[in-house]
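Each remark here refers to the structure printed beneath this line.
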Amino acid sequence: MIHSHQITGLVLAGGRGSRMGGADKGLQNFNGTPLAMHTLLRLQMQEGDLLAEQMINANRNLAAYEAFGVPVWPDTLDDFAGPLAGFMTGLERCETPYLLTVPCDTPLYPLDLAVRLAQAFEKEDTEIAMAAAREEDGQLRAQPVFCLLKLELLESLTAFTQGGGRKIDRWTAEHHTVIVPFDLPADDPRAFFNANTLAELHALENP
Ligand SMILES: Nc1nc2c(ncn2[C@@H]2O[C@H](COP(=O)(O)OP(=O)(O)OP(=O)(O)O)[C@@H](O)[C@H]2O)c(=O)[nH]1
Ligand SMILES: [Mg+2]
């Protein structure tokens, strides 16, 4: 199994927030704390040892994100190319062998995310571990922005995005990807609820 000190955590906050009226999602308050800060704190609260490093990927209001105390990196791809642009920025800046991505808009994500995704690397050929939530009907639903990635994937991701690729699952399908089920509601059933609108965000604040 890989260890926390080999992993950098990346908060993805680089989107347009168009369903939030164009607001910078990561700076919206969740129980009084900006979402990106809350997400960062949850990375620091992960079970097991502390991750080696943390960083934030954002494309607007960079000074506000810098106040959270970790490095902030904007996309190197232009025009809000989607979450894969954030993955790419993270892989470019990462100084550890593995990168853990978490979106800024899913504030209750599991505290054992890092440990459980890391376990997937016990299988030797694993290149990507992706979380999936078990839905009420028993089906697994992939959570593609929650990934643990090998640093060596940068070259492949660069080629994929340069070829116009934008969909996470199309890219991960090119690699040895292990899907890691999180059996909800044994954990918090809202663990993978994400807020796309302000109404959804407020609903998550008040159970
Ligand atoms: N770096 C980067 N991250 C992105 C981009 N688009 C989305 N994301 C991130 O990917 C995650 C999931 O994206 P969405 O839920 O679609 O968020 P969004 O794109 O800001 O919101 P919408 O504009 O309403 O789709 C969030 O953490 C976003 O910050 C992008 O162009 N660049
Ligand atoms: Mg989007």
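By convention here, the chains of the structure tokens are called A, B, ... in the order presented, each chain's residues are numbered starting at 1, and ligands are numbered starting at 1 in the order presented.
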8 Å shell around ligand 1 using only C-alpha atoms and all ligand atoms, listed as a PyMOL selection string: chain A and resi 11-22+24-26+57-59+74-75+79-87+89+102-105+145+194-197
I'd like the neighbourhood of A:Ser156 as a ChimeraX atom specification, where a residue qualifies if any of its atoms comes within 12 Å (using only C-alpha atoms), though same-chain residues fewer than 6 positions away should be ignored. /A:84,87-88,91,127,149-150,162-163,165,171-175
Writing out the chosen residues with N, CA and C atoms as a PDB file, in the first residue's frame:
ATOM      1  N   LEU A  84     -10.534  17.948 -15.842  1.00  0.00           N
ATOM      2  CA  LEU A  84      -9.261  17.353 -16.285  1.00  0.00           C
ATOM      3  C   LEU A  84      -8.157  18.405 -16.368  1.00  0.00           C
ATOM      4  N   PHE A  87      -6.831  18.365 -12.992  1.00  0.00           N
ATOM      5  CA  PHE A  87      -5.960  17.194 -12.791  1.00  0.00           C
ATOM      6  C   PHE A  87      -4.574  17.482 -13.374  1.00  0.00           C
ATOM      7  N   MET A  88      -4.587  18.070 -14.573  1.00  0.00           N
ATOM      8  CA  MET A  88      -3.327  18.292 -15.271  1.00  0.00           C
ATOM      9  C   MET A  88      -2.466  19.293 -14.506  1.00  0.00           C
ATOM     10  N   LEU A  91      -0.991  17.518 -11.541  1.00  0.00           N
ATOM     11  CA  LEU A  91       0.121  16.611 -11.879  1.00  0.00           C
ATOM     12  C   LEU A  91       1.371  17.399 -12.241  1.00  0.00           C
ATOM     13  N   GLU A 127      -3.038   2.319 -11.809  1.00  0.00           N
ATOM     14  CA  GLU A 127      -2.531   3.660 -12.136  1.00  0.00           C
ATOM     15  C   GLU A 127      -3.442   4.747 -11.569  1.00  0.00           C
ATOM     16  N   LEU A 149      -4.088   9.413  -8.295  1.00  0.00           N
ATOM     17  CA  LEU A 149      -3.416   9.249  -9.588  1.00  0.00           C
ATOM     18  C   LEU A 149      -1.912   9.117  -9.410  1.00  0.00           C
ATOM     19  N   LYS A 150      -1.325   8.294 -10.281  1.00  0.00           N
ATOM     20  CA  LYS A 150       0.138   8.221 -10.337  1.00  0.00           C
ATOM     21  C   LYS A 150       0.697   9.411 -11.098  1.00  0.00           C
ATOM     22  N   GLN A 162      -4.585  17.652 -25.170  1.00  0.00           N
ATOM     23  CA  GLN A 162      -4.160  18.340 -26.402  1.00  0.00           C
ATOM     24  C   GLN A 162      -4.952  17.847 -27.598  1.00  0.00           C
ATOM     25  N   GLY A 163      -5.384  16.583 -27.537  1.00  0.00           N
ATOM     26  CA  GLY A 163      -6.234  16.037 -28.592  1.00  0.00           C
ATOM     27  C   GLY A 163      -7.690  16.447 -28.447  1.00  0.00           C
ATOM     28  N   GLY A 165      -9.593  16.003 -25.697  1.00  0.00           N
ATOM     29  CA  GLY A 165     -10.335  15.196 -24.718  1.00  0.00           C
ATOM     30  C   GLY A 165     -10.679  16.018 -23.483  1.00  0.00           C
ATOM     31  N   TRP A 171     -10.704   9.360 -20.352  1.00  0.00           N
ATOM     32  CA  TRP A 171      -9.251   9.298 -20.127  1.00  0.00           C
ATOM     33  C   TRP A 171      -8.906   8.146 -19.192  1.00  0.00           C
ATOM     34  N   THR A 172      -9.642   8.021 -18.090  1.00  0.00           N
ATOM     35  CA  THR A 172      -9.289   6.960 -17.123  1.00  0.00           C
ATOM     36  C   THR A 172      -9.461   5.574 -17.745  1.00  0.00           C
ATOM     37  N   ALA A 173     -10.356   5.461 -18.735  1.00  0.00           N
ATOM     38  CA  ALA A 173     -10.565   4.164 -19.395  1.00  0.00           C
ATOM     39  C   ALA A 173      -9.312   3.708 -20.146  1.00  0.00           C
ATOM     40  N   GLU A 174      -8.404   4.628 -20.428  1.00  0.00           N
ATOM     41  CA  GLU A 174      -7.160   4.270 -21.127  1.00  0.00           C
ATOM     42  C   GLU A 174      -6.115   3.698 -20.169  1.00  0.00           C
ATOM     43  N   HIS A 175      -6.456   3.663 -18.864  1.00  0.00           N
ATOM     44  CA  HIS A 175      -5.465   3.252 -17.860  1.00  0.00           C
ATOM     45  C   HIS A 175      -6.033   2.201 -16.923  1.00  0.00           C
TER      46      HIS A 175
END
As number ranges by chain, please: the residues near A:Gln143 (cut-off 12 Å, only C-alpha atoms, same-chain neighbours under 3 positions excluded). A: 101-103, 106, 109, 113, 129-135, 140, 146-148, 168-169, 179-182, 191-194
Write out, as a PDB file, in the first residue's frame, the residues just selected, with N, CA and C atoms.
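Contents of again_37.pdb, freshly written:
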ATOM      1  N   THR A 101      -7.174  13.973  -5.863  1.00  0.00           N
ATOM      2  CA  THR A 101      -8.010  15.109  -6.250  1.00  0.00           C
ATOM      3  C   THR A 101      -9.343  15.071  -5.498  1.00  0.00           C
ATOM      4  N   VAL A 102      -9.761  16.230  -5.021  1.00  0.00           N
ATOM      5  CA  VAL A 102     -11.095  16.355  -4.410  1.00  0.00           C
ATOM      6  C   VAL A 102     -11.727  17.661  -4.884  1.00  0.00           C
ATOM      7  N   PRO A 103     -13.006  17.639  -5.250  1.00  0.00           N
ATOM      8  CA  PRO A 103     -13.667  18.867  -5.696  1.00  0.00           C
ATOM      9  C   PRO A 103     -14.038  19.733  -4.489  1.00  0.00           C
ATOM     10  N   THR A 106     -18.104  19.372  -2.503  1.00  0.00           N
ATOM     11  CA  THR A 106     -18.664  18.151  -1.907  1.00  0.00           C
ATOM     12  C   THR A 106     -18.182  18.075  -0.459  1.00  0.00           C
ATOM     13  N   TYR A 109     -17.325  14.836   2.057  1.00  0.00           N
ATOM     14  CA  TYR A 109     -16.689  13.650   1.473  1.00  0.00           C
ATOM     15  C   TYR A 109     -15.999  12.803   2.558  1.00  0.00           C
ATOM     16  N   LEU A 113     -11.324   8.582   2.668  1.00  0.00           N
ATOM     17  CA  LEU A 113     -11.114   8.594   1.209  1.00  0.00           C
ATOM     18  C   LEU A 113      -9.662   8.255   0.850  1.00  0.00           C
ATOM     19  N   ALA A 129      -7.007   5.193  -8.898  1.00  0.00           N
ATOM     20  CA  ALA A 129      -8.082   4.664  -8.052  1.00  0.00           C
ATOM     21  C   ALA A 129      -9.168   5.729  -8.007  1.00  0.00           C
ATOM     22  N   MET A 130     -10.401   5.320  -8.342  1.00  0.00           N
ATOM     23  CA  MET A 130     -11.514   6.271  -8.413  1.00  0.00           C
ATOM     24  C   MET A 130     -12.616   5.847  -7.441  1.00  0.00           C
ATOM     25  N   ALA A 131     -13.124   6.811  -6.680  1.00  0.00           N
ATOM     26  CA  ALA A 131     -14.196   6.497  -5.731  1.00  0.00           C
ATOM     27  C   ALA A 131     -15.506   6.254  -6.473  1.00  0.00           C
ATOM     28  N   ALA A 132     -16.357   5.443  -5.850  1.00  0.00           N
ATOM     29  CA  ALA A 132     -17.721   5.261  -6.353  1.00  0.00           C
ATOM     30  C   ALA A 132     -18.644   5.119  -5.156  1.00  0.00           C
ATOM     31  N   ALA A 133     -19.822   5.704  -5.258  1.00  0.00           N
ATOM     32  CA  ALA A 133     -20.786   5.651  -4.155  1.00  0.00           C
ATOM     33  C   ALA A 133     -21.856   4.623  -4.472  1.00  0.00           C
ATOM     34  N   ARG A 134     -22.163   3.795  -3.480  1.00  0.00           N
ATOM     35  CA  ARG A 134     -23.251   2.829  -3.659  1.00  0.00           C
ATOM     36  C   ARG A 134     -24.571   3.565  -3.437  1.00  0.00           C
ATOM     37  N   GLU A 135     -25.409   3.559  -4.448  1.00  0.00           N
ATOM     38  CA  GLU A 135     -26.690   4.267  -4.351  1.00  0.00           C
ATOM     39  C   GLU A 135     -27.722   3.384  -3.657  1.00  0.00           C
ATOM     40  N   LEU A 140     -23.525   1.117  -8.257  1.00  0.00           N
ATOM     41  CA  LEU A 140     -22.370   1.952  -7.945  1.00  0.00           C
ATOM     42  C   LEU A 140     -22.341   3.144  -8.892  1.00  0.00           C
ATOM     43  N   PHE A 146     -13.019  12.374  -7.656  1.00  0.00           N
ATOM     44  CA  PHE A 146     -12.300  11.856  -6.482  1.00  0.00           C
ATOM     45  C   PHE A 146     -11.372  10.747  -6.946  1.00  0.00           C
ATOM     46  N   CYS A 147     -10.151  11.109  -7.289  1.00  0.00           N
ATOM     47  CA  CYS A 147      -9.206  10.143  -7.843  1.00  0.00           C
ATOM     48  C   CYS A 147      -7.853  10.236  -7.159  1.00  0.00           C
ATOM     49  N   LEU A 148      -7.237   9.073  -7.042  1.00  0.00           N
ATOM     50  CA  LEU A 148      -5.824   9.033  -6.657  1.00  0.00           C
ATOM     51  C   LEU A 148      -5.050   8.588  -7.895  1.00  0.00           C
ATOM     52  N   ILE A 168     -13.455  12.912 -18.050  1.00  0.00           N
ATOM     53  CA  ILE A 168     -12.572  12.181 -17.137  1.00  0.00           C
ATOM     54  C   ILE A 168     -12.632  10.677 -17.422  1.00  0.00           C
ATOM     55  N   ASP A 169     -13.852  10.137 -17.568  1.00  0.00           N
ATOM     56  CA  ASP A 169     -13.939   8.673 -17.679  1.00  0.00           C
ATOM     57  C   ASP A 169     -13.373   8.157 -19.001  1.00  0.00           C
ATOM     58  N   ILE A 179     -11.957   0.894  -9.356  1.00  0.00           N
ATOM     59  CA  ILE A 179     -13.098   1.601  -8.766  1.00  0.00           C
ATOM     60  C   ILE A 179     -13.209   1.175  -7.301  1.00  0.00           C
ATOM     61  N   VAL A 180     -13.246   2.147  -6.412  1.00  0.00           N
ATOM     62  CA  VAL A 180     -13.271   1.851  -4.975  1.00  0.00           C
ATOM     63  C   VAL A 180     -14.652   2.199  -4.427  1.00  0.00           C
ATOM     64  N   PRO A 181     -15.449   1.180  -4.069  1.00  0.00           N
ATOM     65  CA  PRO A 181     -16.809   1.462  -3.614  1.00  0.00           C
ATOM     66  C   PRO A 181     -16.847   2.007  -2.187  1.00  0.00           C
ATOM     67  N   PHE A 182     -17.664   3.014  -1.995  1.00  0.00           N
ATOM     68  CA  PHE A 182     -17.965   3.523  -0.656  1.00  0.00           C
ATOM     69  C   PHE A 182     -19.415   3.174  -0.400  1.00  0.00           C
ATOM     70  N   ALA A 191     -22.307  11.816   1.839  1.00  0.00           N
ATOM     71  CA  ALA A 191     -20.864  12.017   1.680  1.00  0.00           C
ATOM     72  C   ALA A 191     -20.476  12.505   0.287  1.00  0.00           C
ATOM     73  N   PHE A 192     -21.188  12.047  -0.726  1.00  0.00           N
ATOM     74  CA  PHE A 192     -20.828  12.465  -2.088  1.00  0.00           C
ATOM     75  C   PHE A 192     -21.836  13.437  -2.693  1.00  0.00           C
ATOM     76  N   PHE A 193     -22.706  14.018  -1.837  1.00  0.00           N
ATOM     77  CA  PHE A 193     -23.617  15.041  -2.368  1.00  0.00           C
ATOM     78  C   PHE A 193     -22.792  16.272  -2.722  1.00  0.00           C
ATOM     79  N   ASN A 194     -22.974  16.775  -3.936  1.00  0.00           N
ATOM     80  CA  ASN A 194     -22.249  17.992  -4.281  1.00  0.00           C
ATOM     81  C   ASN A 194     -23.231  19.122  -4.540  1.00  0.00           C
TER      82      ASN A 194
END
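Relative to atom CA of A:Thr39, atom CA of A:Ala199 is found at 18.8 Å.
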Best match for closeness to A:Ile128 among A:Lys167, A:His176, A:Arg93, A:Arg116, counting only C-alpha atoms: A:His176
Please provide as a count of residues only all residues within 10 Å of A:Tyr98, with the sequence filter that same-chain residues fewer than 2 positions apart are discarded (counting only C-alpha atoms). 24
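Of the residues listed (A:Leu77, A:Leu43, A:Arg166, A:Leu10), A:Arg166 shows the shortest atom-to-atom separation from ligand 2; distances use only C-alpha atoms and all ligand atoms.
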